Amino acid sequence: MLSFTHPFWQGRNAAHPHTGFNFKGSATFALLGNATMKIGIDAVGIRHGGGATILLDTIPELLKARPDWTIHLFVLPKNERSFENPGRSPRLHIHEIGHARSMFGRLLWIEGRLPRIAKRIGLDGIVSFANIGSPHPRIPQVVFCQQFLALTNLSKVRRSAGDNIRLWFLRWAILKGARSSEAVVVQTEVMRAAMLRLMPELETKVFIVPSGVAEKPLPETVRPRISDALAAGAPRFLYASAFYPHKNHRNLITAFAEVRKKFPRATLLLTIEPQKELEELARCLSLTANVLYLGDLSQSEIWFAYRHVDVAVYPSGFESFGMPIAEALVAGCPIAASDLPYAHEVAGDAAVYFDPGKPEEIANVLNSVVADNPHRAELVKKGFVMSRRYSIIDAAHAFSAVIDQTLRPELKQKLPALRSPAAEIAQAPEETTSPLIEHFEGVSCRWGDNYGPKGRMATRIPRLLTALARHVPIGKHILDFGCGAGDISAACASLGYQVTGVDVVPGMIAQARSRFQSSGVKFYLCNAAVPLEIDGTFDAIIASSVFEYIAGVEAYLAELWRLSTPKASLFITVPNMAHPLRWAERLERNIASGIYARIGMNHRTQYLQLSNTRFSSRKWRTLLSEFGWTLGGEDGSFSPLRLLVAAKDQRDAVYRRVSQPQKWPELSRLQGRAQ
């Protein structure tokens with residue numbers, strides 16, 4: 001797992017905006033010493049959908065967040081659910097529970113069999129992951145509730161009498177279990193308000209923990225039916241959802257008929273099996289060839305779809321959270337969603353909104369977002385910033401903090417109180433953007449032009465590729481550290497390398513993903529919202545014109561040492577301070593910067609202010625040696641840009657120094673929104 005102990009990788013963990021708990025590291029575990037806990041997670045009742053996704057993503061992170069926990073997971077048998085078991089661990093024990101699929105079977109399970117099993121195993125507490133807790137728990141209990149439909153005004157929901165009776169019964173069971181629990185965890189303020197409207201006495205028990213999003217690797221092979229659908233006519237709209245009345249498929253298809261009038265080759269992709277009523281509607285609107293049914297997709301296939309469509313649309317009328325919206329934010333896909341509180345809470349200003357009950361408005365919004373390329377790019381950029389809220393690591397620490405404080409009374413005096421989520425958001429300081437990020441955000445849209453045939457960086461890629469091929473065999477893993485708009489990453493991938501590109505500028509990552517989505521490169525914003533399992537796995541690291549813009553170079557050299565394999569190579573380009581151009585820039589910085597600022601040459605002024613970490617060759621050799629790298633060669637004695645090639649040093653003294661990085665105050669200006 002990529003280390004987040006270093007300031008460069010840390011988000012705003014010190015005061016999580018939704019709970020007020022400090023999630024940096026395993027603070028709770030440190031307070032507990034070596035004490036162990038046996039936690040039971042009741043997931044009986046989860047068969048598919050968002051609940052299964054959250055369960056599969058959360059369990060592994062809980063085990064990482066709490067090394068003192070042993071988890072006993074209770075699920076339905078494999079033939080009664082559509083998801084696999086959540087990985088393997090000696091601290092994870094999975095129990096398959098039969099005869100509990102129906103509501104009556106669930107009640108028998110939570111009232112009878114579960115307490116007996118908990119006593120036999122010796123559980124310290126139960127976490128109900130499927131909305132319903134026991135009305136008479138014999139051990140401490142925490143309930144995770146994501147069933148908004150049962151808590152809303154049922155008169156607004158078009159359902160059969162039988163379905164309404166089931167929802168009334170489900171509401172009763174949810175509230176009964178919540179009243180008997182030590183804590184209730186929900187995903188949004190909307191969900192919290194719905195629960196408190198029905199049961200105000202739960203005010204001090206209900207906590208908001210937004211579900212985290214774990215980005216999935218793209219599938220090595222894609223089923224032909226899916227790849228053919230994603231290669232159909234553009235623009236392509238994706239609605240990732242199961243088929244229920246409140247999901248609003250009919251209005252979306254009706255609206256899509258209007259979209260086709262402006263974009264005749266447009267395609268609507270639905271992640272459901274063909275439904276007779278929808279097929280009939282599409283036939284009446286002459287949309288049979290344009291509405292495609294993908295069926296049930298795996299998580300990796302869903303991520304593949306997000307990367308290959310133009311807009312993710314979400315017209316649902318009722319949701320507790322809207323996991324596909326959060327996934328689309330992280331995947332870098334523009335979003336159009338229902339103009340309802342749940343969608344605004346999840347996506348903020350990173351989406352466009354429509355009235356889900358008005359097909360003509362849905363069509364107008366979809367048409368406008370497809371026709372306006374700059375607006376779509378802006379949505380992607382805002383989405384990357386918004387995606388920080390959905391770090392799977394932060395979500396696991398927040399969830400485990402609630403469990404710790406409610407199941408262990410002795411912790412309440414040691415840990416900070418879990419404050420009101422709304423109050424915490426109101427008290428959160430306004431985020432700021434560093435000058436570095438502001439500068440590169442402003443040039444991100446045209447950054448790729450620099451690598452064109454006549455661009456000022458046109459010769460950089462051949463130089464890097466030549467050096468890379470000389471030292472690193474084809475097929476190895478490469479990290480492009482500070483990848484910008486992705487040109488170098490894509491060029492490396494075209495040679496057959498496996499490439500990961502990271503950058504702190506949301507606009508750059510948005511450009512990279514948009515321009516090189518079929519290159520196979522994995523592009524990530526450097527923040528805790530995307531946990532990367534890349535620690536110690538890179539065979540080579542490229543940092544092209546990165547170090548000149550950052551203070552505290554030592555911190556980054558140490559971090560790159562830790563991310564690389566024992567025989568890794570480092571390729572960095574830095575200003576050649578012996579070149580006359582650099583002498584002229586030094587003169588400009590001292591004399592002309594004030595003139596530029598007055599006459600409006602903002603780009604040149606910002607460049608001179610930011611590009612100020614410039615060392616001689618001797619200084620670079622010393623720095624690299626001190627932080628784990630042996631300089632093996634230089635290229636560019638007569639060029640303004642020097643290419644340094646270094647090999648990883650394995651000396652014990654070096655290892656002790658860089659394997660335990662400390663906090664360098666010089667990096668503080670990169671904190672905040674960039675992370």
# chains A, B, ... in the order shown; residues from 1 in each chain; ligands from 1
>>> residues_around(residues="Leu468 of chain A", least_positions_apart="3", cutoff="12 Å", atoms="only C-alpha atoms", output="PDB file with C-alpha atoms, in the first residue's frame")
ATOM      1  CA  ILE A 461      10.267  12.232 -24.898  1.00  0.00           C
ATOM      2  CA  PRO A 462      12.868  10.685 -27.281  1.00  0.00           C
ATOM      3  CA  ARG A 463      15.637  11.435 -24.777  1.00  0.00           C
ATOM      4  CA  LEU A 464      13.752   9.820 -21.921  1.00  0.00           C
ATOM      5  CA  LEU A 465      12.681   6.788 -23.943  1.00  0.00           C
ATOM      6  CA  HIS A 471      18.381   0.603 -18.462  1.00  0.00           C
ATOM      7  CA  VAL A 472      14.928  -0.973 -18.021  1.00  0.00           C
ATOM      8  CA  PRO A 473      13.614  -4.060 -19.877  1.00  0.00           C
ATOM      9  CA  ILE A 474      10.322  -3.744 -21.748  1.00  0.00           C
ATOM     10  CA  GLY A 475       7.307  -4.801 -19.692  1.00  0.00           C
ATOM     11  CA  LYS A 476       8.535  -3.438 -16.354  1.00  0.00           C
ATOM     12  CA  HIS A 477       6.487  -1.168 -14.073  1.00  0.00           C
ATOM     13  CA  ILE A 478       7.122   2.569 -14.466  1.00  0.00           C
ATOM     14  CA  LEU A 479       5.976   5.463 -12.268  1.00  0.00           C
ATOM     15  CA  ASP A 480       5.686   8.822 -14.013  1.00  0.00           C
ATOM     16  CA  ILE A 488       5.439  10.890 -21.354  1.00  0.00           C
ATOM     17  CA  ALA A 491       4.845   7.240 -24.834  1.00  0.00           C
ATOM     18  CA  CYS A 492       6.320   4.765 -22.322  1.00  0.00           C
ATOM     19  CA  ALA A 493       3.207   2.614 -22.514  1.00  0.00           C
ATOM     20  CA  LEU A 495       6.828   0.789 -25.953  1.00  0.00           C
ATOM     21  CA  GLY A 496       5.293  -1.956 -23.810  1.00  0.00           C
ATOM     22  CA  TYR A 497       5.940  -0.694 -20.278  1.00  0.00           C
ATOM     23  CA  ASP A 539      11.181  -0.858 -11.548  1.00  0.00           C
ATOM     24  CA  ALA A 540      11.790   2.696 -12.746  1.00  0.00           C
ATOM     25  CA  ILE A 541      10.632   6.184 -11.824  1.00  0.00           C
ATOM     26  CA  ILE A 542      10.504   9.174 -14.155  1.00  0.00           C
ATOM     27  CA  ALA A 568      15.122   0.327  -9.650  1.00  0.00           C
ATOM     28  CA  SER A 569      16.354   3.209 -11.789  1.00  0.00           C
ATOM     29  CA  LEU A 570      15.503   6.892 -11.431  1.00  0.00           C
ATOM     30  CA  PHE A 571      15.279   9.259 -14.427  1.00  0.00           C
ATOM     31  CA  ILE A 572      14.918  12.954 -13.647  1.00  0.00           C
ATOM     32  CA  LEU A 643      18.832  14.259 -17.720  1.00  0.00           C
ATOM     33  CA  LEU A 644      20.117  12.437 -14.630  1.00  0.00           C
ATOM     34  CA  VAL A 645      20.040   8.643 -14.436  1.00  0.00           C
ATOM     35  CA  ALA A 646      20.475   7.061 -10.994  1.00  0.00           C
TER      36      ALA A 646
END
>>> select_by_dssp(residues="segment 182-229 of chain A", states="strand (DSSP E or B)", output="VMD selection string")
chain A and resid 183 to 186 206 to 208 213
>>> atom_distance(atom1="atom CA of Tyr293 of chain A", atom2="atom CA of Ile362 of chain A")
20.1 Å
>>> atom_distance(atom1="atom CA of Val291 of chain A", atom2="atom CA of Ser316 of chain A")
17.8 Å
>>> closest_residue(among="A:Phe523, A:Phe237, A:Tyr306, A:Phe481", to="Leu268 of chain A", atoms="only C-alpha atoms")
A:Phe237
>>> select_by_dssp(residues="segment 184-308 of chain A", states="helix (DSSP H, G or I)", output="ChimeraX atom specification")
/A:189-198,200-202,224-230,245-247,249-262,276-284,299-308
>>> residues_around(residues="Glu361 of chain A", least_positions_apart="4", cutoff="12 Å", atoms="only C-alpha atoms", output="PyMOL selection string")
chain A and resi 251-252+254-256+258-259+315+336-339+352-357+365-368
>>> closest_residue(among="A:Ser400, A:Thr58, A:Asn612, A:Ser518", to="Met37 of chain A", atoms="only C-alpha atoms")
A:Ser400
>>> residues_around(residues="Val346 of chain A", least_positions_apart="2", cutoff="9 Å", atoms="only C-alpha atoms", output="PyMOL selection string")
chain A and resi 188+210+321-323+325-326+341-344+348+386+389
>>> write_last_selection(atoms="N, CA and C atoms", output="CSV table (one decimal), in the first residue's frame")
chain,number,residue,atom,x,y,z
A,188,THR,N,-25.1,9.9,4.5
A,188,THR,CA,-25.3,11.3,4.1
A,188,THR,C,-26.1,12.0,5.2
A,210,PRO,N,-19.4,8.9,5.0
A,210,PRO,CA,-19.5,8.6,3.6
A,210,PRO,C,-18.8,7.4,3.1
A,321,PHE,N,-27.4,7.3,-0.8
A,321,PHE,CA,-26.0,7.8,-1.1
A,321,PHE,C,-25.8,8.0,-2.6
A,322,GLY,N,-25.9,7.0,-3.4
A,322,GLY,CA,-25.6,7.1,-4.8
A,322,GLY,C,-24.2,6.7,-5.1
A,323,MET,N,-23.8,5.5,-4.8
A,323,MET,CA,-22.5,5.0,-5.0
A,323,MET,C,-22.0,5.2,-6.4
A,325,ILE,N,-22.4,7.7,-8.4
A,325,ILE,CA,-22.0,9.0,-8.5
A,325,ILE,C,-20.6,9.2,-8.0
A,326,ALA,N,-20.4,8.7,-6.8
A,326,ALA,CA,-19.0,8.8,-6.2
A,326,ALA,C,-18.0,8.0,-7.0
A,341,PRO,N,-31.5,16.4,-3.0
A,341,PRO,CA,-30.4,16.6,-2.0
A,341,PRO,C,-29.3,15.6,-2.0
A,342,TYR,N,-29.7,14.3,-2.2
A,342,TYR,CA,-28.7,13.2,-2.0
A,342,TYR,C,-27.6,13.4,-3.1
A,343,ALA,N,-28.0,13.8,-4.3
A,343,ALA,CA,-27.0,13.9,-5.4
A,343,ALA,C,-26.1,15.2,-5.2
A,344,HIS,N,-26.7,16.3,-4.7
A,344,HIS,CA,-26.0,17.5,-4.4
A,344,HIS,C,-25.0,17.2,-3.3
A,348,GLY,N,-21.8,17.7,-5.2
A,348,GLY,CA,-21.5,19.2,-5.1
A,348,GLY,C,-21.6,19.8,-6.5
A,386,MET,N,-13.4,16.8,-5.7
A,386,MET,CA,-14.5,16.3,-4.9
A,386,MET,C,-14.3,14.8,-4.4
A,389,ARG,N,-13.3,13.3,-0.9
A,389,ARG,CA,-14.2,12.9,0.2
A,389,ARG,C,-14.4,11.4,0.3
>>> closest_residue(among="A:Glu280, A:Glu319, A:Glu96, A:Glu215", to="Ala43 of chain A", atoms="only C-alpha atoms")
A:Glu96
>>> closest_residue(among="A:Thr36, A:Thr267, A:Asn248, A:Ser300", to="Thr70 of chain A", atoms="only C-alpha atoms")
A:Thr36
>>> residues_around(residues="Met195 of chain A", least_positions_apart="4", cutoff="12 Å", atoms="only C-alpha atoms", output="ChimeraX atom specification")
/A:131,145-153,171-172,174-176,178-179,184-191,199-203,205-208,320
>>> closest_residue(among="A:Arg47, A:His249, A:Lys382, A:Lys78", to="Phe129 of chain A", atoms="only C-alpha atoms")
A:Arg47
>>> atom_distance(atom1="atom CA of Gln517 of chain A", atom2="atom CA of Ala305 of chain A")
11.2 Å
>>> closest_residue(among="A:Ser514, A:Ala458, A:Arg88, A:Thr573", to="Gly482 of chain A", atoms="only C-alpha atoms")
A:Thr573
>>> residues_around(residues="Leu270 of chain A", least_positions_apart="3", cutoff="8 Å", atoms="only C-alpha atoms", output="PyMOL selection string")
chain A and resi 238-241+291-295
>>> write_last_selection(atoms="N, CA, C and O atoms", output="short mmCIF file (atom, residue, chain, number, x, y, z; two decimals), in the first residue's frame")
data_model
loop_
_atom_site.label_atom_id
_atom_site.label_comp_id
_atom_site.auth_asym_id
_atom_site.auth_seq_id
_atom_site.Cartn_x
_atom_site.Cartn_y
_atom_site.Cartn_z
N LEU A 238 -24.04 6.46 -19.80
CA LEU A 238 -24.07 5.25 -18.96
C LEU A 238 -24.93 5.49 -17.73
O LEU A 238 -24.72 6.47 -17.01
N TYR A 239 -25.88 4.59 -17.50
CA TYR A 239 -26.65 4.60 -16.26
C TYR A 239 -26.34 3.30 -15.52
O TYR A 239 -26.85 2.24 -15.88
N ALA A 240 -25.50 3.36 -14.50
CA ALA A 240 -25.13 2.19 -13.71
C ALA A 240 -26.10 2.05 -12.55
O ALA A 240 -26.04 2.82 -11.59
N SER A 241 -27.00 1.09 -12.65
CA SER A 241 -28.04 0.96 -11.64
C SER A 241 -28.76 -0.36 -11.82
O SER A 241 -28.82 -0.92 -12.92
N VAL A 291 -30.55 1.89 -27.42
CA VAL A 291 -30.57 1.58 -25.98
C VAL A 291 -30.03 0.16 -25.82
O VAL A 291 -30.65 -0.81 -26.26
N LEU A 292 -28.85 0.04 -25.19
CA LEU A 292 -28.16 -1.24 -25.08
C LEU A 292 -28.14 -1.68 -23.62
O LEU A 292 -27.89 -0.88 -22.71
N TYR A 293 -28.36 -2.97 -23.41
CA TYR A 293 -28.43 -3.56 -22.07
C TYR A 293 -27.13 -4.34 -21.82
O TYR A 293 -26.87 -5.35 -22.48
N LEU A 294 -26.33 -3.86 -20.89
CA LEU A 294 -25.05 -4.51 -20.58
C LEU A 294 -25.20 -5.67 -19.62
O LEU A 294 -24.31 -6.51 -19.51
N GLY A 295 -26.31 -5.72 -18.89
CA GLY A 295 -26.47 -6.75 -17.88
C GLY A 295 -25.66 -6.44 -16.64
O GLY A 295 -25.13 -5.33 -16.46
#
>>> residues_around(residues="Gln141 of chain A", least_positions_apart="4", cutoff="6 Å", atoms="only C-alpha atoms", output="list in words")
Gly125, Ile126, Val127, Ser181 and Glu182 of chain A
>>> write_last_selection(atoms="all heavy atoms", output="tab-separated table (two decimals), in the first residue's frame")
chain	number	residue	atom	x	y	z
A	125	GLY	N	-18.73	-7.45	19.96
A	125	GLY	CA	-19.80	-6.60	19.45
A	125	GLY	C	-20.22	-7.05	18.08
A	125	GLY	O	-19.52	-7.81	17.40
A	126	ILE	N	-21.40	-6.56	17.67
A	126	ILE	CA	-21.96	-6.88	16.36
A	126	ILE	C	-22.13	-5.59	15.56
A	126	ILE	O	-22.61	-4.58	16.08
A	126	ILE	CB	-23.33	-7.58	16.49
A	126	ILE	CG1	-23.15	-8.99	17.04
A	126	ILE	CG2	-24.04	-7.63	15.15
A	126	ILE	CD1	-22.56	-9.97	16.04
A	127	VAL	N	-21.73	-5.62	14.29
A	127	VAL	CA	-21.99	-4.53	13.36
A	127	VAL	C	-22.96	-5.07	12.32
A	127	VAL	O	-22.60	-5.96	11.54
A	127	VAL	CB	-20.71	-4.02	12.69
A	127	VAL	CG1	-21.05	-2.90	11.70
A	127	VAL	CG2	-19.72	-3.53	13.72
A	181	SER	N	-29.52	0.03	19.51
A	181	SER	CA	-28.10	0.02	19.17
A	181	SER	C	-27.36	1.14	19.88
A	181	SER	O	-27.94	2.16	20.27
A	181	SER	CB	-27.93	0.17	17.65
A	181	SER	OG	-28.59	-0.86	16.96
A	182	GLU	N	-26.06	0.94	20.02
A	182	GLU	CA	-25.21	1.98	20.60
A	182	GLU	C	-24.95	3.11	19.61
A	182	GLU	O	-24.72	4.25	20.01
A	182	GLU	CB	-23.87	1.38	21.05
A	182	GLU	CG	-23.89	0.77	22.44
A	182	GLU	CD	-24.75	-0.50	22.49
A	182	GLU	OE1	-24.85	-1.20	21.47
A	182	GLU	OE2	-25.32	-0.78	23.56
